[in-house]
$ cat run27.cif   # mmCIF, C-alpha atoms
data_model
#
loop_
_atom_site.label_atom_id
_atom_site.label_comp_id
_atom_site.auth_asym_id
_atom_site.auth_seq_id
_atom_site.Cartn_x
_atom_site.Cartn_y
_atom_site.Cartn_z
CA MET A 1 420.69 20.39 81.44
CA ALA A 2 417.29 20.54 83.14
CA ALA A 3 414.36 21.04 80.79
CA ALA A 4 413.03 23.87 82.98
CA ASN A 5 416.03 26.00 82.03
CA TRP A 6 415.32 26.20 78.33
CA PRO A 7 412.63 28.92 78.43
CA ASP A 8 415.02 31.12 80.41
CA LYS A 9 417.61 31.15 77.68
CA ASP A 10 417.57 33.96 75.16
CA ASP A 11 417.51 33.35 71.42
CA HIS A 12 421.24 33.90 71.01
CA GLU A 13 422.12 31.33 73.66
CA LEU A 14 419.77 28.85 72.04
CA LEU A 15 421.34 29.48 68.64
CA ARG A 16 424.81 28.87 69.99
CA LEU A 17 423.58 25.57 71.43
CA ILE A 18 421.91 24.70 68.14
CA GLN A 19 425.24 25.26 66.44
CA ASP A 20 426.64 22.66 68.85
CA GLY A 21 423.89 20.27 67.75
CA SER A 22 421.40 20.65 70.62
CA HIS A 23 417.95 19.37 69.70
CA HIS A 24 416.53 20.72 72.96
CA ALA A 25 417.62 24.25 72.10
CA PHE A 26 416.15 23.91 68.63
CA ALA A 27 412.86 22.66 70.07
CA GLU A 28 412.70 25.62 72.43
CA LEU A 29 413.38 28.11 69.63
CA VAL A 30 410.72 26.52 67.41
CA LYS A 31 408.10 26.52 70.18
CA ARG A 32 408.89 30.12 70.99
CA HIS A 33 408.63 31.56 67.48
CA THR A 34 406.58 29.27 65.24
CA GLU A 35 403.33 31.12 65.67
CA ARG A 36 404.64 34.58 64.79
CA PHE A 37 406.51 33.43 61.70
CA TYR A 38 403.52 31.39 60.60
CA ARG A 39 401.33 34.50 60.88
CA LEU A 40 403.70 36.47 58.70
CA ALA A 41 403.93 33.71 56.09
CA PHE A 42 400.15 33.40 56.05
CA ARG A 43 399.85 37.07 55.16
CA TYR A 44 401.82 36.44 51.99
CA VAL A 45 400.52 33.11 50.83
CA GLN A 46 396.96 33.20 52.23
CA SER A 47 397.04 29.45 52.68
CA LYS A 48 397.41 27.67 56.00
CA GLU A 49 399.19 24.64 54.55
CA THR A 50 401.64 26.66 52.47
CA ALA A 51 402.40 29.02 55.34
CA GLU A 52 403.09 26.04 57.60
CA ASP A 53 405.35 24.48 54.98
CA ILE A 54 407.29 27.72 54.59
CA VAL A 55 407.84 28.08 58.32
CA GLN A 56 408.85 24.44 58.54
CA ASP A 57 411.33 24.89 55.68
CA ALA A 58 412.81 27.97 57.29
CA PHE A 59 413.35 26.25 60.64
CA LEU A 60 414.68 23.05 59.10
CA LYS A 61 417.18 25.03 57.02
CA LEU A 62 418.32 26.71 60.21
CA TRP A 63 418.72 23.34 61.90
CA GLU A 64 420.50 21.78 58.96
CA ASN A 65 422.91 24.62 58.50
CA PRO A 66 423.05 26.60 61.75
CA GLY A 67 426.16 28.40 60.49
CA THR A 68 423.90 30.61 58.39
CA TRP A 69 423.11 32.49 61.59
CA GLN A 70 426.11 34.67 62.31
CA PRO A 71 425.69 36.62 65.54
CA GLU A 72 428.36 39.14 64.57
CA ARG A 73 426.47 39.99 61.37
CA ASN A 74 422.86 39.64 62.51
CA SER A 75 421.78 41.90 65.34
CA LYS A 76 418.72 39.99 66.48
CA PHE A 77 417.50 36.49 65.66
CA THR A 78 413.91 37.51 64.95
CA THR A 79 414.99 40.37 62.67
CA TRP A 80 417.14 37.98 60.65
CA PHE A 81 414.57 35.20 60.63
CA TYR A 82 411.75 37.52 59.52
CA ARG A 83 413.92 38.24 56.50
CA VAL A 84 414.44 34.52 55.88
CA VAL A 85 410.70 33.85 56.03
CA VAL A 86 409.81 36.85 53.85
CA ASN A 87 412.34 35.71 51.23
CA LEU A 88 410.91 32.20 51.23
CA CYS A 89 407.40 33.62 50.81
CA LEU A 90 408.49 35.83 47.93
CA ASP A 91 410.29 32.89 46.29
CA TRP A 92 407.13 30.86 46.63
CA GLN A 93 405.07 33.64 45.08
CA LYS A 94 407.43 33.95 42.14
CA LYS A 95 407.11 30.24 41.44
CA LYS A 96 403.37 30.04 41.92
CA ARG A 97 400.36 31.82 40.55
CA PRO A 98 399.03 35.03 42.10
CA VAL A 99 397.66 34.62 45.59
CA GLU A 100 394.00 33.79 45.80
CA LEU A 101 391.98 34.51 48.87
CA PRO A 102 391.00 31.39 50.81
CA ASP A 103 387.49 30.04 50.42
CA GLU A 104 387.23 29.51 54.13
CA GLU A 105 385.75 32.34 56.14
CA ILE A 106 388.12 34.51 58.10
CA PRO A 107 387.22 34.05 61.78
CA LEU A 108 385.03 36.79 63.12
CA ALA A 109 386.27 39.07 65.81
CA ASP A 110 383.49 38.67 68.28
CA ASP A 111 380.90 35.94 68.53
CA GLN A 112 378.47 38.38 70.14
CA GLU A 113 378.67 40.80 67.23
CA PRO A 114 375.37 41.17 65.32
CA MET A 115 375.37 39.12 62.14
CA ASP A 116 375.12 42.06 59.73
CA ALA A 117 377.98 43.95 61.33
CA ALA A 118 380.05 40.76 61.41
CA MET A 119 379.39 40.13 57.74
CA ILE A 120 380.36 43.66 56.82
CA ARG A 121 383.57 43.39 58.81
CA ASN A 122 384.31 40.07 57.21
CA GLN A 123 383.75 41.56 53.78
CA GLU A 124 385.99 44.52 54.61
CA GLN A 125 388.72 42.18 55.77
CA ARG A 126 388.52 40.16 52.60
CA ILE A 127 388.71 43.25 50.40
CA LEU A 128 391.58 44.58 52.49
CA GLU A 129 393.51 41.32 52.10
CA LYS A 130 392.91 41.41 48.36
CA GLU A 131 394.09 44.99 48.05
CA ILE A 132 397.13 44.39 50.22
CA GLY A 133 397.94 41.41 48.03
CA ALA A 134 397.88 43.69 45.00
CA LEU A 135 400.35 46.18 46.49
CA PRO A 136 403.96 46.23 45.33
CA GLU A 137 406.08 43.68 47.19
CA ARG A 138 408.00 46.13 49.39
CA GLN A 139 404.93 48.11 50.41
CA ARG A 140 403.19 44.86 51.35
CA THR A 141 406.16 43.69 53.40
CA ALA A 142 406.34 47.02 55.21
CA LEU A 143 402.63 46.85 56.09
CA ASN A 144 402.81 43.22 57.20
CA LEU A 145 405.77 43.85 59.46
CA CYS A 146 404.51 47.05 61.03
CA PHE A 147 400.80 46.41 61.41
CA ASP A 148 400.56 42.67 61.65
CA GLU A 149 403.72 41.76 63.47
CA GLY A 150 403.72 44.91 65.53
CA LEU A 151 407.35 45.68 64.81
CA SER A 152 408.54 49.22 65.32
CA ASN A 153 409.37 51.14 62.15
CA GLN A 154 413.05 50.85 63.00
CA GLU A 155 412.85 47.07 63.39
CA ALA A 156 410.86 46.71 60.19
CA ALA A 157 413.43 48.84 58.37
CA GLU A 158 416.19 46.52 59.63
CA VAL A 159 414.30 43.44 58.47
CA MET A 160 413.87 44.97 55.02
CA GLY A 161 417.38 46.36 54.88
CA VAL A 162 416.20 49.90 54.17
CA LYS A 163 416.54 53.23 55.94
CA LEU A 164 413.84 54.37 58.34
CA LYS A 165 412.73 57.16 56.01
CA ALA A 166 412.38 54.72 53.13
CA LEU A 167 410.23 52.46 55.25
CA GLN A 168 408.01 55.33 56.34
CA SER A 169 407.61 56.32 52.72
CA LEU A 170 406.66 52.74 51.77
CA ILE A 171 403.99 52.66 54.47
CA MET A 172 402.66 56.04 53.49
CA ARG A 173 402.36 55.07 49.83
CA ALA A 174 400.72 51.79 50.76
CA LYS A 175 398.15 53.59 52.90
CA ILE A 176 397.37 56.12 50.19
CA THR A 177 396.80 53.32 47.68
CA LEU A 178 394.64 51.36 50.12
CA LYS A 179 392.57 54.41 51.03
CA GLU A 180 391.97 55.10 47.37
CA ARG A 181 391.02 51.52 46.54
CA MET A 182 388.90 51.01 49.63
CA LYS A 183 387.17 54.36 49.81
CA VAL A 184 383.76 52.68 49.56
CA TYR A 185 384.46 50.84 52.79
CA LEU A 186 386.08 53.66 54.74
CA MET B 1 391.59 62.05 52.70
CA SER B 2 389.84 62.61 55.99
CA ALA B 3 391.15 61.74 59.41
CA LYS B 4 388.17 59.43 59.83
CA GLN B 5 389.23 57.41 56.81
CA ASP B 6 392.75 57.22 58.18
CA GLU B 7 391.45 55.96 61.49
CA LYS B 8 389.22 53.36 59.88
CA LEU B 9 392.04 52.09 57.70
CA GLU B 10 394.40 51.88 60.68
CA MET B 11 391.73 50.00 62.59
CA LEU B 12 391.26 47.56 59.72
CA LEU B 13 394.98 47.04 59.34
CA ARG B 14 395.41 46.34 63.02
CA SER B 15 392.49 43.95 63.21
CA ARG B 16 393.58 41.63 60.41
CA ARG B 17 393.15 38.02 61.37
CA ALA B 18 394.81 34.88 60.09
CA THR B 19 393.66 31.29 60.11
CA PRO B 20 395.47 29.87 63.13
CA ALA B 21 398.29 27.40 62.52
CA ASN B 22 397.93 23.76 63.31
CA PRO B 23 398.73 23.41 67.03
CA GLU B 24 401.00 20.51 66.11
CA LEU B 25 403.13 22.60 63.77
CA ALA B 26 405.97 23.18 66.22
CA ALA B 27 406.00 19.51 67.23
CA ARG B 28 406.07 18.50 63.57
CA ILE B 29 409.07 20.73 62.87
CA ILE B 30 410.94 19.45 65.91
CA LEU B 31 410.26 15.84 64.94
CA LYS B 32 411.42 16.37 61.36
CA ALA B 33 414.62 18.02 62.51
CA GLN B 34 415.53 14.92 64.50
CA GLY B 35 415.95 13.00 61.28
CA ILE B 36 418.13 15.63 59.61
CA PRO B 37 421.87 15.72 60.18
CA GLN B 38 423.49 19.11 60.62
CA VAL B 39 425.92 20.52 58.09
CA ARG B 40 428.88 21.92 59.94
CA ALA B 41 431.22 24.54 58.55
CA THR B 42 434.73 23.04 58.61
CA SER B 43 438.11 24.69 58.29
CA PHE B 44 440.73 23.46 55.81
CA TRP B 45 442.68 21.62 58.52
CA GLN B 46 439.55 19.93 59.84
CA TRP B 47 438.72 18.88 56.32
CA LEU B 48 442.25 17.52 55.81
CA ARG B 49 442.08 15.60 59.09
CA GLN B 50 438.72 14.16 58.12
CA LEU B 51 440.09 13.19 54.74
CA CYS B 52 443.05 11.39 56.34
CA ALA B 53 440.74 9.66 58.79
CA GLU B 54 438.51 8.62 55.92
CA TYR B 55 441.24 6.94 53.90
CA HIS B 56 443.27 5.72 56.88
CA LEU B 57 446.47 4.94 54.97
CA PRO B 58 449.41 3.26 56.74
CA LYS B 59 452.17 5.62 57.89
CA PRO B 60 454.78 4.53 55.28
CA ALA B 61 452.37 5.61 52.55
CA TYR B 62 452.27 9.13 53.97
CA ILE B 63 456.08 9.17 54.25
CA LEU B 64 456.49 8.00 50.66
CA ALA B 65 453.93 10.52 49.37
CA SER B 66 455.59 13.32 51.35
CA ALA B 67 459.05 12.30 50.05
CA LEU B 68 457.73 12.29 46.50
CA ILE B 69 456.19 15.74 46.88
CA LEU B 70 459.35 17.05 48.55
CA GLY B 71 461.49 15.57 45.76
CA LEU B 72 459.34 17.20 43.12
CA VAL B 73 459.48 20.55 44.85
CA ILE B 74 463.29 20.41 45.27
CA GLY B 75 463.70 19.17 41.71
CA PHE B 76 461.70 21.96 40.24
CA SER B 77 463.28 24.66 42.37
CA THR B 78 466.87 23.57 41.54
CA ALA B 79 466.07 23.28 37.86
CA ALA B 80 464.77 26.82 37.97
CA ASP B 81 468.08 27.96 39.54
CA ILE B 82 470.30 26.26 36.94
CA THR B 83 468.51 27.27 33.78
CA SER B 84 467.47 30.81 33.32
CA PRO B 85 465.26 31.86 30.42
CA ASN B 86 468.32 33.32 28.64
CA ASP B 87 470.05 29.92 28.51
CA THR B 88 467.81 28.42 25.96
CA SER B 89 469.89 29.08 22.87
CA PRO B 90 470.63 25.91 20.85
CA ILE B 91 474.36 26.77 20.57
CA ASN B 92 474.84 26.42 24.30
CA ILE B 93 473.13 23.07 24.32
CA GLN B 94 475.20 21.84 21.39
CA GLY B 95 478.37 23.10 23.04
CA PHE B 96 477.46 21.18 26.12
CA LEU B 97 476.66 17.98 24.22
CA TYR B 98 479.84 17.94 22.08
CA ALA B 99 482.23 19.49 24.58
CA ASP B 100 484.26 16.28 25.08
CA GLU B 101 484.55 15.41 21.39
CA GLY B 102 487.90 16.25 19.93
CA PRO B 103 488.57 16.70 16.21
CA LEU B 104 488.71 13.40 14.34
#

$ encode --input "run27.cif" --output "structure tokens"
Amino acid sequence: MAAANWPDKDDHELLRLIQDGSHHAFAELVKRHTERFYRLAFRYVQSKETAEDIVQDAFLKLWENPGTWQPERNSKFTTWFYRVVVNLCLDWQKKKRPVELPDEEIPLADDQEPMDAAMIRNQEQRILEKEIGALPERQRTALNLCFDEGLSNQEAAEVMGVKLKALQSLIMRAKITLKERMKVYL
Amino acid sequence: MSAKQDEKLEMLLRSRRATPANPELAARIILKAQGIPQVRATSFWQWLRQLCAEYHLPKPAYILASALILGLVIGFSTAADITSPNDTSPINIQGFLYADEGPL
């Protein structure tokens, strides 16, 4: 099959080919989704190396045992795989110590931004990350999926295996807690 | 809570940034996968076929093993037909054993 055809295939086609042992299909799927799943993992573990390892583990498990993906049971690959990555992150967190914020500076939004404003924003971001990290697991997952990954509430509810109302309630509670804890910065 | 606070929080939540991943991450995953064999889900018959292929016994061995299994199955099923649970009294067995012996 010509290499140019791979990007045209949807995730489900690629997964069927992966189940037949196609390395090309696997490569295409990895290239397509690595960045987004890395971003999600990073939100949980706050470490570049660990987030990369988690994403690598998730993809290698999929390659090793492609039968775990069952199209008749899983509506959408990304919905299912978000769940896989979140579970790996939570497993990691249970095994390890509480998440510490990285020493490295979070990249600033705009190089042209005045230094003071940039520092304030940086500080706000760091406090926000810390407070999000202190939220209960489900509230944190709901926030990460909806705000960071840009999933719709319905999609996020599917990933978490909860009803839409439950997800909305989780987000609302998370926001109330954050507003309370960050009132100095808001 | 004011609407302004809500807005600011929303803005902060939407502008969260992450340290970017190593640009080689995808390539690293792809490369690692090349050295990992896939585990395939197999049905019982596939497993049996693989097992036979693995041991590769000569045909007479299969015939002998099948005959043995068949013999055992027939043996057990006929024995079950002849003796019912009610036939276990020792008198019946004795009667059977000494049936041909006449009085001395």

$ atom_distance --input "run27.cif" --atom1 "CA of Leu13 in chain B" --atom2 "CA of Glu137 in chain A"
16.8 Å

$ residues_near_point --input "run27.cif" --point "(402.5, 39.0, 51.2)" --cutoff "9 Å" --atoms "all atoms listed in the file" --output "NGL selection string"
:A and (40-46 or 86 or 89-90 or 93 or 99 or 132-133 or 135 or 137 or 140-141 or 144)

$ closest_atom_pairs --input "run27.cif" --of "chain B" --to "chain A" --cutoff "7 Å" --atoms "only C-alpha atoms" --output "tab-separated table"
residue	atom	partner	partner_atom	distance
B:Gln5	CA	A:Leu186	CA	5.3
B:Lys8	CA	A:Leu186	CA	6.0
B:Leu9	CA	A:Leu186	CA	6.8
B:Leu13	CA	A:Phe147	CA	6.2
B:Arg14	CA	A:Phe147	CA	5.6
B:Arg16	CA	A:Gln125	CA	6.7
B:Arg17	CA	A:Ile106	CA	7.0
B:Ala18	CA	A:Arg39	CA	6.6
B:Thr19	CA	A:Lys48	CA	6.6
B:Ala21	CA	A:Lys48	CA	6.6
B:Ala26	CA	A:Lys31	CA	5.6
B:Ile29	CA	A:Gln56	CA	5.7
B:Ile30	CA	A:Ala27	CA	5.6
B:Ala33	CA	A:Leu60	CA	6.1
B:Ile36	CA	A:Glu64	CA	6.6
B:Pro37	CA	A:Glu64	CA	6.3
B:Gln38	CA	A:Glu64	CA	4.3
B:Val39	CA	A:Asn65	CA	5.1
B:Arg40	CA	A:Asn65	CA	6.7
B:Ala41	CA	A:Gly67	CA	6.7

$ axis_aligned_box --input "run27.cif" --around "range 8-23 of chain A" --padding-each-side "3 Å" --output "JSON"
{"center_x": 420.8, "center_y": 26.7, "center_z": 73.4, "size_x": 17.6, "size_y": 20.6, "size_z": 20.0}

$ atom_distance --input "run27.cif" --atom1 "CA of Ala27 in chain B" --atom2 "CA of Ala25 in chain A"
13.5 Å

$ atom_distance --input "run27.cif" --atom1 "CA of Leu12 in chain B" --atom2 "CA of Gln123 in chain A"
11.3 Å

$ residues_around --input "run27.cif" --residues "Gln154 in chain A" --least-positions-apart "6" --cutoff "12 Å" --atoms "all atoms listed in the file" --output "short mmCIF file (atom, residue, chain, number, x, y, z; two decimals) with C-alpha atoms, in the coordinates of the input"
data_model
loop_
_atom_site.label_atom_id
_atom_site.label_comp_id
_atom_site.auth_asym_id
_atom_site.auth_seq_id
_atom_site.Cartn_x
_atom_site.Cartn_y
_atom_site.Cartn_z
CA THR A 79 414.99 40.37 62.67
CA ALA A 142 406.34 47.02 55.21
CA LEU A 145 405.77 43.85 59.46
CA CYS A 146 404.51 47.05 61.03
CA MET A 160 413.87 44.97 55.02
CA GLY A 161 417.38 46.36 54.88
CA VAL A 162 416.20 49.90 54.17
CA LYS A 163 416.54 53.23 55.94
CA LEU A 164 413.84 54.37 58.34
CA LYS A 165 412.73 57.16 56.01
CA ALA A 166 412.38 54.72 53.13
CA LEU A 167 410.23 52.46 55.25
CA GLN A 168 408.01 55.33 56.34
#

$ closest_residue --input "run27.cif" --among "A:Leu151, A:Ile54, A:Ala118, A:Met172" --to "Asp91 in chain A" --atoms "only C-alpha atoms"
A:Ile54
